[in-house]
>>> print(open('start25.cif').read())   # mmCIF, C-alpha atoms
data_input
#
loop_
_atom_site.label_atom_id
_atom_site.label_comp_id
_atom_site.auth_asym_id
_atom_site.auth_seq_id
_atom_site.Cartn_x
_atom_site.Cartn_y
_atom_site.Cartn_z
CA MET A 1 122.88 42.41 141.84
CA SER A 2 125.17 45.43 141.82
CA ALA A 3 125.64 45.13 138.05
CA ARG A 4 121.90 45.25 137.55
CA ALA A 5 121.63 48.26 139.85
CA GLU A 6 123.70 50.30 137.43
CA VAL A 7 120.68 50.49 135.10
CA PRO A 8 117.74 52.39 136.61
CA TRP A 9 114.86 49.97 136.91
CA ALA A 10 112.42 52.72 135.98
CA GLU A 11 114.06 52.80 132.52
CA LYS A 12 114.79 49.08 132.33
CA TYR A 13 111.13 48.20 132.87
CA ARG A 14 109.54 51.10 131.01
CA PRO A 15 106.43 49.80 129.13
CA LYS A 16 107.06 48.75 125.53
CA THR A 17 103.41 48.71 124.44
CA ILE A 18 100.34 50.79 125.21
CA ASP A 19 98.67 47.91 127.06
CA GLU A 20 101.66 47.62 129.41
CA VAL A 21 101.14 51.19 130.68
CA VAL A 22 99.51 50.86 134.09
CA GLY A 23 96.25 52.61 135.02
CA ASN A 24 94.34 55.56 133.54
CA PRO A 25 92.36 53.58 130.94
CA GLU A 26 90.21 56.57 129.94
CA ALA A 27 93.23 58.79 129.39
CA LYS A 28 94.94 56.07 127.34
CA LYS A 29 91.82 55.64 125.22
CA ALA A 30 91.56 59.39 124.56
CA PHE A 31 95.24 59.66 123.65
CA VAL A 32 95.17 56.67 121.29
CA ALA A 33 92.06 58.05 119.54
CA TRP A 34 93.76 61.42 119.06
CA LEU A 35 96.99 59.80 117.80
CA ASN A 36 95.15 57.44 115.42
CA ALA A 37 93.49 60.46 113.78
CA TRP A 38 96.96 61.79 112.97
CA LEU A 39 98.17 58.43 111.65
CA ALA A 40 95.08 58.10 109.46
CA GLY A 41 95.98 61.36 107.73
CA LYS A 42 93.16 63.30 109.40
CA THR A 43 94.77 66.17 111.30
CA PRO A 44 92.72 66.57 114.53
CA GLU A 45 91.07 69.88 115.39
CA LYS A 46 93.65 70.22 118.18
CA LYS A 47 97.06 69.49 116.61
CA ALA A 48 98.71 68.93 120.00
CA ALA A 49 97.80 66.90 123.06
CA LEU A 50 98.57 68.05 126.60
CA LEU A 51 98.84 65.13 129.03
CA TYR A 52 98.62 66.41 132.59
CA GLY A 53 98.62 64.86 136.02
CA PRO A 54 100.85 64.15 139.03
CA PRO A 55 104.41 62.82 138.59
CA GLY A 56 104.86 59.13 137.90
CA CYS A 57 101.35 58.44 136.61
CA GLY A 58 102.47 57.27 133.15
CA LYS A 59 102.24 60.36 130.90
CA THR A 60 105.72 60.10 129.38
CA SER A 61 105.72 56.30 129.44
CA LEU A 62 102.54 56.22 127.35
CA VAL A 63 104.13 58.37 124.63
CA HIS A 64 107.26 56.18 124.59
CA ALA A 65 105.16 53.02 124.45
CA ALA A 66 102.97 54.38 121.63
CA ALA A 67 106.02 55.40 119.59
CA ASN A 68 107.59 51.95 120.07
CA GLN A 69 104.40 50.02 119.30
CA LEU A 70 103.38 52.08 116.26
CA GLY A 71 106.87 52.39 114.75
CA LEU A 72 107.20 56.15 115.15
CA GLU A 73 110.44 58.08 115.54
CA LEU A 74 110.35 59.86 118.91
CA ILE A 75 111.75 63.41 119.06
CA GLU A 76 111.93 64.28 122.76
CA ALA A 77 112.95 67.40 124.65
CA ASN A 78 112.42 68.35 128.27
CA ALA A 79 110.99 71.87 128.11
CA SER A 80 112.13 72.65 131.65
CA ASP A 81 115.74 71.85 130.65
CA VAL A 82 115.70 73.28 127.11
CA ARG A 83 114.44 76.61 128.44
CA THR A 84 115.25 79.10 125.71
CA SER A 85 113.42 79.70 122.45
CA GLU A 86 116.68 79.29 120.51
CA ALA A 87 117.33 75.87 122.06
CA LEU A 88 113.77 74.74 121.29
CA LYS A 89 114.07 75.90 117.68
CA ARG A 90 117.41 74.13 117.33
CA ARG A 91 116.25 70.88 118.93
CA VAL A 92 112.63 70.58 117.83
CA LEU A 93 111.30 73.10 115.30
CA ARG A 94 113.18 71.76 112.26
CA ALA A 95 112.44 68.15 113.19
CA ALA A 96 108.72 68.97 113.42
CA THR A 97 108.60 70.09 109.78
CA GLU A 98 110.69 67.30 108.18
CA GLY A 99 110.09 63.65 107.56
CA SER A 100 111.77 60.84 109.46
CA LEU A 101 115.42 60.16 108.61
CA SER A 102 115.36 56.72 110.24
CA GLY A 103 112.85 55.18 107.86
CA ALA A 104 110.07 55.19 110.47
CA ARG A 105 106.45 55.60 109.32
CA GLY A 106 106.34 58.98 111.01
CA LYS A 107 107.37 61.02 114.00
CA ILE A 108 105.93 62.02 117.33
CA ILE A 109 107.21 65.18 119.04
CA LEU A 110 107.33 65.06 122.86
CA LEU A 111 107.89 68.17 124.98
CA ASP A 112 108.09 67.10 128.61
CA GLU A 113 107.30 69.33 131.62
CA VAL A 114 106.13 72.43 129.76
CA ASP A 115 104.94 73.92 133.06
CA GLY A 116 108.62 74.09 134.07
CA LEU A 117 109.37 76.85 131.55
CA ASN A 118 110.58 80.01 133.25
CA PRO A 119 109.52 83.21 131.42
CA ARG A 120 112.18 85.20 133.27
CA GLU A 121 114.89 83.16 131.52
CA ASP A 122 113.37 83.48 128.05
CA ALA A 123 109.96 84.98 127.45
CA GLY A 124 109.91 83.45 123.94
CA GLY A 125 109.87 79.82 125.07
CA LEU A 126 106.08 79.45 125.09
CA ASP A 127 105.77 81.36 121.81
CA THR A 128 108.22 78.92 120.23
CA ILE A 129 106.18 75.95 121.46
CA LEU A 130 103.06 77.51 119.92
CA GLU A 131 104.99 77.95 116.66
CA ILE A 132 106.12 74.31 116.74
CA ILE A 133 102.49 73.21 117.14
CA ARG A 134 101.35 75.50 114.31
CA VAL A 135 103.90 74.35 111.71
CA SER A 136 104.38 70.71 112.75
CA ARG A 137 103.63 67.99 110.22
CA HIS A 138 103.62 65.42 113.04
CA PRO A 139 101.67 64.92 116.27
CA VAL A 140 102.99 67.07 119.13
CA VAL A 141 102.54 65.84 122.72
CA LEU A 142 103.20 67.95 125.79
CA THR A 143 103.22 66.89 129.43
CA ALA A 144 102.70 68.91 132.59
CA ASN A 145 102.03 68.35 136.26
CA ASP A 146 99.90 71.48 136.63
CA PRO A 147 98.58 72.97 133.36
CA TRP A 148 96.42 75.65 135.02
CA ASP A 149 99.14 78.27 135.32
CA PRO A 150 97.81 81.50 133.69
CA ARG A 151 100.97 81.60 131.55
CA LEU A 152 99.85 78.39 129.81
CA ARG A 153 96.41 79.72 128.77
CA ASP A 154 97.32 80.10 125.07
CA LEU A 155 98.87 76.63 125.13
CA ARG A 156 95.73 75.07 126.63
CA ASN A 157 93.61 76.66 123.90
CA VAL A 158 95.43 74.78 121.12
CA CYS A 159 95.80 71.42 122.90
CA GLU A 160 93.62 68.41 123.49
CA LEU A 161 93.64 68.21 127.30
CA ILE A 162 93.93 64.65 128.66
CA GLU A 163 93.97 64.19 132.42
CA PHE A 164 95.97 61.45 134.14
CA LYS A 165 95.18 60.59 137.74
CA LYS A 166 97.58 59.23 140.32
CA LEU A 167 97.91 55.46 140.43
CA GLY A 168 96.35 53.38 143.18
CA VAL A 169 98.31 51.36 145.71
CA ARG A 170 97.21 48.07 144.13
CA GLU A 171 98.38 49.13 140.67
CA VAL A 172 101.78 50.22 141.95
CA THR A 173 102.17 47.09 144.10
CA LYS A 174 101.44 44.84 141.11
CA VAL A 175 104.20 46.48 139.06
CA LEU A 176 106.68 46.22 141.94
CA ALA A 177 105.89 42.53 142.40
CA ASP A 178 106.52 41.87 138.70
CA ILE A 179 109.90 43.66 138.86
CA CYS A 180 110.92 41.62 141.93
CA ARG A 181 110.05 38.41 140.07
CA ARG A 182 112.17 39.44 137.08
CA GLU A 183 115.09 40.52 139.26
CA GLY A 184 114.96 37.43 141.46
CA VAL A 185 114.34 39.40 144.67
CA GLN A 186 112.22 37.90 147.45
CA CYS A 187 109.94 40.62 148.77
CA ASP A 188 107.00 40.22 151.15
CA PRO A 189 103.70 41.73 149.86
CA SER A 190 103.55 43.97 152.95
CA VAL A 191 106.91 45.49 151.95
CA LEU A 192 105.71 46.21 148.43
CA LYS A 193 102.52 47.75 149.78
CA ALA A 194 104.50 49.97 152.14
CA ILE A 195 106.70 51.20 149.26
CA ALA A 196 103.61 51.85 147.12
CA GLU A 197 101.92 53.83 149.90
CA ASN A 198 105.06 55.84 150.57
CA SER A 199 105.31 56.79 146.88
CA GLU A 200 101.87 58.47 146.94
CA GLY A 201 100.92 57.10 143.52
CA ASP A 202 104.24 57.99 141.85
CA LEU A 203 105.21 54.75 140.09
CA ARG A 204 108.64 56.02 139.06
CA ALA A 205 109.42 56.96 142.66
CA ALA A 206 108.20 53.56 143.90
CA ILE A 207 110.44 51.70 141.44
CA ASN A 208 113.41 53.84 142.43
CA ASP A 209 112.72 53.14 146.12
CA LEU A 210 112.47 49.41 145.46
CA GLN A 211 115.80 49.44 143.63
CA ALA A 212 117.40 51.40 146.47
CA VAL A 213 116.32 49.00 149.23
CA ALA A 214 116.99 45.88 147.11
CA ALA A 215 120.55 46.87 146.17
CA GLY A 216 122.90 44.02 147.21
CA ARG A 217 120.06 41.92 148.68
CA ARG A 218 118.25 38.77 147.63
CA SER A 219 115.36 39.47 149.98
CA VAL A 220 113.84 42.65 151.43
CA SER A 221 112.19 42.96 154.86
CA LEU A 222 110.19 45.72 156.51
CA GLU A 223 113.29 46.71 158.51
CA ASP A 224 115.06 47.53 155.25
CA LEU A 225 112.45 50.20 154.54
CA GLU A 226 113.75 52.42 157.34
CA MET A 227 116.17 53.96 154.85
CA LEU A 228 113.19 55.41 152.98
CA GLY A 229 112.02 58.67 154.51
CA TYR A 230 108.77 60.52 154.01
CA ARG A 231 108.25 61.41 150.35
CA ALA A 232 106.62 64.79 149.85
CA LYS A 233 104.22 64.58 146.92
CA GLN A 234 103.56 67.35 144.43
CA LEU A 235 99.87 68.24 144.40
CA SER A 236 97.89 70.43 142.06
CA MET A 237 96.77 73.76 143.51
CA PHE A 238 93.20 72.45 143.75
CA GLU A 239 94.39 69.62 146.02
CA VAL A 240 96.63 71.93 148.07
CA VAL A 241 93.77 74.34 148.79
CA ARG A 242 91.47 71.48 149.71
CA GLN A 243 94.08 69.99 152.05
CA VAL A 244 94.52 73.33 153.84
CA LEU A 245 90.84 74.24 154.12
CA THR A 246 89.60 70.79 155.16
CA ALA A 247 92.46 69.85 157.51
CA LYS A 248 91.24 68.64 160.89
CA ARG A 249 94.57 69.41 162.56
CA PRO A 250 97.05 72.26 161.98
CA GLU A 251 99.81 69.73 161.24
CA ALA A 252 97.83 68.36 158.30
CA ALA A 253 97.52 71.83 156.79
CA ARG A 254 101.23 72.56 157.31
CA ALA A 255 102.13 69.33 155.47
CA VAL A 256 101.64 71.11 152.12
CA LEU A 257 104.74 73.20 152.92
CA SER A 258 106.91 70.11 152.35
CA MET A 259 105.93 70.00 148.68
CA PRO A 260 108.96 70.34 146.37
CA SER A 261 107.75 73.46 144.53
CA LEU A 262 104.96 75.17 146.44
CA ASP A 263 104.23 78.70 145.19
CA TYR A 264 103.08 80.32 148.44
CA GLU A 265 102.05 83.57 146.76
CA MET A 266 99.80 81.61 144.40
CA LEU A 267 98.45 79.71 147.40
CA MET A 268 97.53 83.05 149.04
CA GLN A 269 95.43 84.00 146.01
CA TRP A 270 93.69 80.63 145.86
CA LEU A 271 92.85 80.65 149.57
CA ASN A 272 91.59 84.23 149.37
CA GLU A 273 89.23 83.24 146.55
CA ASN A 274 87.89 79.98 147.99
CA ILE A 275 87.64 80.39 151.79
CA PRO A 276 83.99 81.57 151.59
CA TYR A 277 82.97 78.58 149.46
CA GLN A 278 84.47 75.99 151.81
CA TYR A 279 83.59 77.62 155.15
CA SER A 280 80.12 78.93 154.29
CA PRO A 281 77.72 79.41 156.10
CA SER A 282 79.92 79.84 159.20
CA ALA A 283 80.72 83.56 159.44
CA VAL A 284 83.04 82.88 162.38
CA ALA A 285 85.14 80.39 160.39
CA ILE A 286 85.35 82.75 157.40
CA ALA A 287 86.37 85.67 159.63
CA ASP A 288 89.03 83.63 161.45
CA ALA A 289 90.47 82.30 158.19
CA TYR A 290 90.70 85.75 156.62
CA ASP A 291 92.22 87.16 159.80
CA ALA A 292 95.06 84.62 159.62
CA LEU A 293 95.45 85.16 155.86
CA SER A 294 95.58 88.95 156.22
CA LYS A 295 98.30 88.69 158.87
CA ALA A 296 100.28 86.42 156.53
CA ASP A 297 99.85 88.99 153.75
CA ILE A 298 101.11 91.81 155.98
CA MET A 299 104.10 89.73 157.02
CA LEU A 300 104.97 88.81 153.41
CA ALA A 301 104.90 92.51 152.46
CA ARG A 302 107.26 93.30 155.34
CA ILE A 303 109.55 90.43 154.34
CA LYS A 304 109.89 91.82 150.80
CA ARG A 305 110.19 95.44 151.89
CA GLU A 306 112.82 94.83 154.55
CA GLN A 307 114.33 91.61 153.12
CA ALA A 308 113.56 89.94 156.45
CA TRP A 309 113.34 86.39 155.13
CA THR A 310 113.68 84.90 158.63
CA LEU A 311 109.99 85.81 159.04
CA LEU A 312 108.89 83.61 156.13
CA PRO A 313 108.18 80.48 158.26
CA TYR A 314 105.75 82.51 160.39
CA ALA A 315 103.91 83.79 157.30
CA LEU A 316 103.66 80.25 155.93
CA ASP A 317 102.33 78.96 159.25
CA LEU A 318 99.64 81.66 159.25
CA MET A 319 98.43 80.89 155.73
CA THR A 320 98.26 77.12 156.35
CA ALA A 321 97.85 76.13 160.00
CA GLY A 322 96.39 79.54 160.87
CA VAL A 323 93.67 79.32 158.22
CA ALA A 324 92.93 75.67 159.06
CA SER A 325 92.55 76.53 162.78
CA ALA A 326 89.47 78.68 162.17
CA ARG A 327 86.73 78.20 164.75
CA GLU A 328 83.31 76.72 164.04
CA LYS A 329 84.27 75.22 160.70
CA PRO A 330 81.28 73.53 159.02
CA PRO A 331 81.31 69.77 158.34
CA PHE A 332 83.26 68.63 155.30
CA LYS A 333 81.53 69.18 151.97
CA PHE A 334 82.82 68.83 148.44
CA VAL A 335 83.37 72.27 146.87
CA LYS A 336 84.36 73.07 143.30
CA TYR A 337 87.09 75.65 143.78
CA SER A 338 87.34 78.73 141.59
CA PHE A 339 90.44 80.06 139.86
CA PRO A 340 91.42 83.35 141.58
CA PHE A 341 89.63 86.32 140.02
CA LYS A 342 92.68 88.54 140.52
CA LEU A 343 94.85 86.20 138.46
CA ARG A 344 92.20 85.99 135.74
CA ALA A 345 91.98 89.79 135.65
CA LEU A 346 95.75 90.18 135.48
CA SER A 347 95.91 87.63 132.70
CA SER A 348 93.17 89.38 130.68
CA THR A 349 94.86 92.79 131.03
CA LYS A 350 98.39 91.52 130.41
CA ASP A 351 98.70 93.10 126.94
CA VAL A 352 97.51 96.51 128.16
CA ARG A 353 99.88 96.46 131.15
CA GLU A 354 102.82 95.47 128.96
CA GLU A 355 101.99 98.28 126.50
CA ARG A 356 101.85 100.82 129.34
CA LEU A 357 105.18 99.58 130.65
CA ARG A 358 106.82 99.91 127.21
CA ILE A 359 105.53 103.48 126.88
CA ALA A 360 106.67 104.35 130.40
CA ARG A 361 110.15 103.05 129.65
CA ALA A 362 110.37 105.20 126.51
CA ILE A 363 109.23 108.26 128.48
CA ALA A 364 111.68 107.44 131.25
CA ARG A 365 114.59 107.33 128.79
CA ALA A 366 113.58 110.66 127.26
CA CYS A 367 113.12 112.35 130.66
CA HIS A 368 116.12 110.69 132.34
CA VAL A 369 114.02 109.28 135.18
CA SER A 370 113.12 105.78 136.37
CA THR A 371 110.22 103.85 134.83
CA ARG A 372 108.36 104.04 138.14
CA THR A 373 108.78 107.82 138.26
CA ALA A 374 107.57 108.09 134.67
CA LEU A 375 104.41 106.12 135.47
CA ILE A 376 103.62 107.97 138.71
CA GLU A 377 104.75 111.54 138.04
CA VAL A 378 104.99 112.09 134.28
CA VAL A 379 102.25 110.01 132.62
CA PRO A 380 99.34 111.55 134.64
CA TYR A 381 100.32 115.07 133.53
CA LEU A 382 100.74 113.98 129.92
CA LYS A 383 97.31 112.42 130.07
CA LEU A 384 95.74 115.64 131.44
CA ILE A 385 97.40 117.72 128.72
CA TYR A 386 96.30 115.25 126.03
CA GLU A 387 92.68 115.31 127.26
CA GLY A 388 92.58 119.10 127.50
CA ASP A 389 94.26 119.77 124.15
CA PRO A 390 94.58 116.60 122.03
CA GLN A 391 96.67 118.25 119.32
CA ARG A 392 99.22 119.69 121.73
CA GLY A 393 99.19 116.53 123.83
CA ARG A 394 99.90 114.37 120.81
CA LYS A 395 102.87 116.54 119.80
CA LEU A 396 104.24 116.46 123.34
CA VAL A 397 103.93 112.69 123.64
CA GLU A 398 105.51 112.10 120.21
CA SER A 399 108.41 114.41 121.12
CA LEU A 400 109.19 111.86 123.86
CA GLY A 401 109.43 109.06 121.31
CA VAL A 402 105.95 107.58 121.90
CA PRO A 403 103.30 107.31 119.14
CA GLY A 404 100.29 109.42 120.08
CA ASP A 405 97.73 106.75 119.20
CA ALA A 406 99.57 104.16 121.30
CA PHE A 407 99.63 106.51 124.32
CA ALA A 408 95.94 107.34 123.95
CA ARG A 409 94.98 103.68 123.58
CA ALA A 410 97.09 102.45 126.49
CA PHE A 411 95.98 105.11 128.98
CA GLY A 412 92.38 105.58 127.87
CA VAL A 413 92.80 109.10 126.52
CA ALA A 414 90.59 108.51 123.47
CA VAL A 415 87.58 107.80 125.71
CA GLN A 416 88.14 111.02 127.62
CA GLU A 417 88.57 112.91 124.35
CA ARG A 418 85.15 111.78 123.10
CA ARG A 419 83.57 112.71 126.42
CA ALA A 420 85.11 116.18 126.21
CA ALA A 421 83.70 116.64 122.70
CA ALA A 422 80.25 115.54 123.85
CA ALA A 423 80.42 117.94 126.80
CA ALA A 424 81.44 120.79 124.48
CA GLU A 425 78.42 120.12 122.27
CA THR A 426 76.19 120.16 125.32
CA ARG A 427 77.59 123.54 126.40
CA ARG A 428 77.04 125.05 122.91
CA GLY A 429 73.41 124.01 123.03
CA PRO A 430 71.10 122.20 120.60
CA SER A 431 70.88 125.12 118.12
CA ALA A 432 74.65 125.25 117.67
CA THR A 433 74.73 121.50 117.22
CA ARG A 434 72.01 121.65 114.52
CA SER A 435 73.88 124.46 112.75
CA ALA A 436 77.10 122.43 112.78
CA ARG A 437 75.27 119.46 111.33
CA ARG A 438 73.74 121.61 108.54
CA ARG A 439 77.19 122.97 107.70
CA ALA A 440 78.55 119.45 107.56
#
>>> encode(input="start25.cif", output="structure tokens")
Amino acid sequence: MSARAEVPWAEKYRPKTIDEVVGNPEAKKAFVAWLNAWLAGKTPEKKAALLYGPPGCGKTSLVHAAANQLGLELIEANASDVRTSEALKRRVLRAATEGSLSGARGKIILLDEVDGLNPREDAGGLDTILEIIRVSRHPVVLTANDPWDPRLRDLRNVCELIEFKKLGVREVTKVLADICRREGVQCDPSVLKAIAENSEGDLRAAINDLQAVAAGRRSVSLEDLEMLGYRAKQLSMFEVVRQVLTAKRPEAARAVLSMPSLDYEMLMQWLNENIPYQYSPSAVAIADAYDALSKADIMLARIKREQAWTLLPYALDLMTAGVASAREKPPFKFVKYSFPFKLRALSSTKDVREERLRIARAIARACHVSTRTALIEVVPYLKLIYEGDPQRGRKLVESLGVPGDAFARAFGVAVQERRAAAAAETRRGPSATRSARRRA
């Protein structure tokens, strides 16, 4: 038994064919149809497929099984581990443009966990993935738990989105029973069901738990499950918001804080956007929820300003249990939540904000001040000068190492310049305007 335990059962019993992949029949059908179009020589409209859903629902296993069944060479990289653009180019880009060296009928490129890329470590990682998709001669498959991050917008636009849902208890239990039969372990159905329920639909986690409790045993009882603690599941932001806003008890709302990678600042934005939809028409519930959320916002600002991180648990309690404790909440109703408008706006203005920041940095270097000082104290005066006297303003801006057109475009000077010209024509009067037109 101990010898077998050296090999992770999740790998040992990974599906070898597409039919062996458990659950999600619609997702499997959509993926196979997309992949068959590639294999038939008909490049699909979307050259890449993005498989998304909670952990352990079969996304990666389906790609492995398809490669094995169809005789394709699998080129795999975990995007959250290979984080830099250089590493991605070295590991994947060349392979995506060349034929198979192993004699296989083709290749399939798999980039796992693309939502784990960190732009602070290398802002070029996503651009490199987009380049891989653009130049690849082979099907490219990406996986993600949550694909709705604004950073992944460009990636979503070029991918066929295929949703995987978490597996049911029966599906997980059936797989566990088959593994027990193969390993010669006696396990009561109630034990398998308990492991499946504890895994929250994560088949990989359930298999790992089964292997842990079965290590060194020929039979497993309910008492043996005491070594398994509560497993915090990773939910999408839609599910997190719904759990907070529809919780009947504060403890249920606070349970989202045990998630492995909860972005509480993102949660603030989602709650702020969707409280009115879930708590309407109760004005009291909406007011109470926003009161708790505003206090959490104030506390988070103080935490950052004063580096008082001991206050963070109180802010998190306010935005979860505090919001869920609103009075006069209406009965439960299904609500389609909206993506936060603020995040959409920031995403749509990203290029303009980055251009302004680049200009401010150039001005800061020329004036020997900080970028913040350049934005707050220098740029407004430059803009006023440019609007009042465009020729002089352009020369002044360019003397600081910034192209005049770029400054005008980034800070809206051109619009003001046209308005000033129109106002000047109005002041000269219609006769002067007609004379100017005749001269022209």
>>> residues_around(input="start25.cif", residues="Leu267 in chain A", least_positions_apart="6", cutoff="9 Å", atoms="only C-alpha atoms", output="list in words")
Met237, Val240, Val241 and Met319 of chain A
>>> atom_distance(input="start25.cif", atom1="CA of Arg394 in chain A", atom2="CA of Ile376 in chain A")
19.4 Å
>>> resolve_selection(input="start25.cif", expression="the PyMOL selection byres ((chain A and resi 139-150) around 6)", output="VMD selection string")
chain A and resid 48 to 54 108 to 115 138 151 to 153 236
>>> residues_around(input="start25.cif", residues="range 368-374 of chain A", least_positions_apart="5", cutoff="10 Å", atoms="all atoms listed in the file", output="NGL selection string")
:A and (357-363 or 379-380)
>>> resolve_selection(input="start25.cif", expression="the PyMOL selection byres ((chain A and resi 70) around 12)", output="list of chain:residue names")
A:Lys16, A:Thr17, A:Ile18, A:Val32, A:Leu35, A:Asn36, A:Leu39, A:Leu62, A:Val63, A:His64, A:Ala65, A:Ala66, A:Ala67, A:Asn68, A:Gln69, A:Gly71, A:Leu72, A:Glu73, A:Leu74, A:Ala104, A:Arg105, A:Gly106, A:Lys107, A:Ile108
>>> resolve_selection(input="start25.cif", expression="the PyMOL selection byres ((chain A and resi 168-178) around 9)", output="PyMOL selection string")
chain A and resi 22-23+166-167+179-183+187+189+192-197+199-203+206-207+210
>>> closest_residue(input="start25.cif", among="A:Glu377, A:Trp270, A:Thr43, A:Pro331", to="Glu239 in chain A", atoms="all atoms listed in the file")
A:Trp270
>>> atom_distance(input="start25.cif", atom1="CA of Ala96 in chain A", atom2="CA of Ile75 in chain A")
8.5 Å
>>> decode(input="start25.cif", residues="range 282-297 of chain A", atoms="N, CA and C atoms", output="short mmCIF file (atom, residue, chain, number, x, y, z; two decimals), in the first residue's frame")
data_model
loop_
_atom_site.label_atom_id
_atom_site.label_comp_id
_atom_site.auth_asym_id
_atom_site.auth_seq_id
_atom_site.Cartn_x
_atom_site.Cartn_y
_atom_site.Cartn_z
N SER A 282 -36.32 46.89 -0.94
CA SER A 282 -36.21 47.30 0.46
C SER A 282 -35.16 48.40 0.61
N ALA A 283 -35.62 49.63 0.81
CA ALA A 283 -34.70 50.76 0.99
C ALA A 283 -33.89 50.61 2.27
N VAL A 284 -34.52 50.01 3.30
CA VAL A 284 -33.82 49.82 4.57
C VAL A 284 -32.64 48.87 4.40
N ALA A 285 -32.86 47.75 3.71
CA ALA A 285 -31.79 46.78 3.49
C ALA A 285 -30.65 47.39 2.67
N ILE A 286 -31.00 48.14 1.63
CA ILE A 286 -29.98 48.77 0.79
C ILE A 286 -29.17 49.77 1.61
N ALA A 287 -29.86 50.57 2.43
CA ALA A 287 -29.16 51.58 3.25
C ALA A 287 -28.24 50.91 4.26
N ASP A 288 -28.72 49.86 4.93
CA ASP A 288 -27.89 49.16 5.92
C ASP A 288 -26.66 48.54 5.27
N ALA A 289 -26.86 47.93 4.09
CA ALA A 289 -25.74 47.27 3.42
C ALA A 289 -24.68 48.29 3.00
N TYR A 290 -25.12 49.41 2.45
CA TYR A 290 -24.16 50.45 2.04
C TYR A 290 -23.50 51.11 3.24
N ASP A 291 -24.20 51.18 4.36
CA ASP A 291 -23.59 51.75 5.57
C ASP A 291 -22.42 50.88 6.02
N ALA A 292 -22.64 49.56 6.05
CA ALA A 292 -21.56 48.64 6.43
C ALA A 292 -20.42 48.68 5.42
N LEU A 293 -20.76 48.75 4.13
CA LEU A 293 -19.74 48.76 3.09
C LEU A 293 -18.92 50.05 3.14
N SER A 294 -19.58 51.18 3.41
CA SER A 294 -18.85 52.45 3.48
C SER A 294 -17.88 52.48 4.66
N LYS A 295 -18.30 51.89 5.79
CA LYS A 295 -17.40 51.81 6.94
C LYS A 295 -16.19 50.92 6.63
N ALA A 296 -16.43 49.84 5.90
CA ALA A 296 -15.31 48.98 5.49
C ALA A 296 -14.36 49.74 4.57
N ASP A 297 -14.91 50.55 3.68
CA ASP A 297 -14.10 51.34 2.75
C ASP A 297 -13.24 52.36 3.51
#
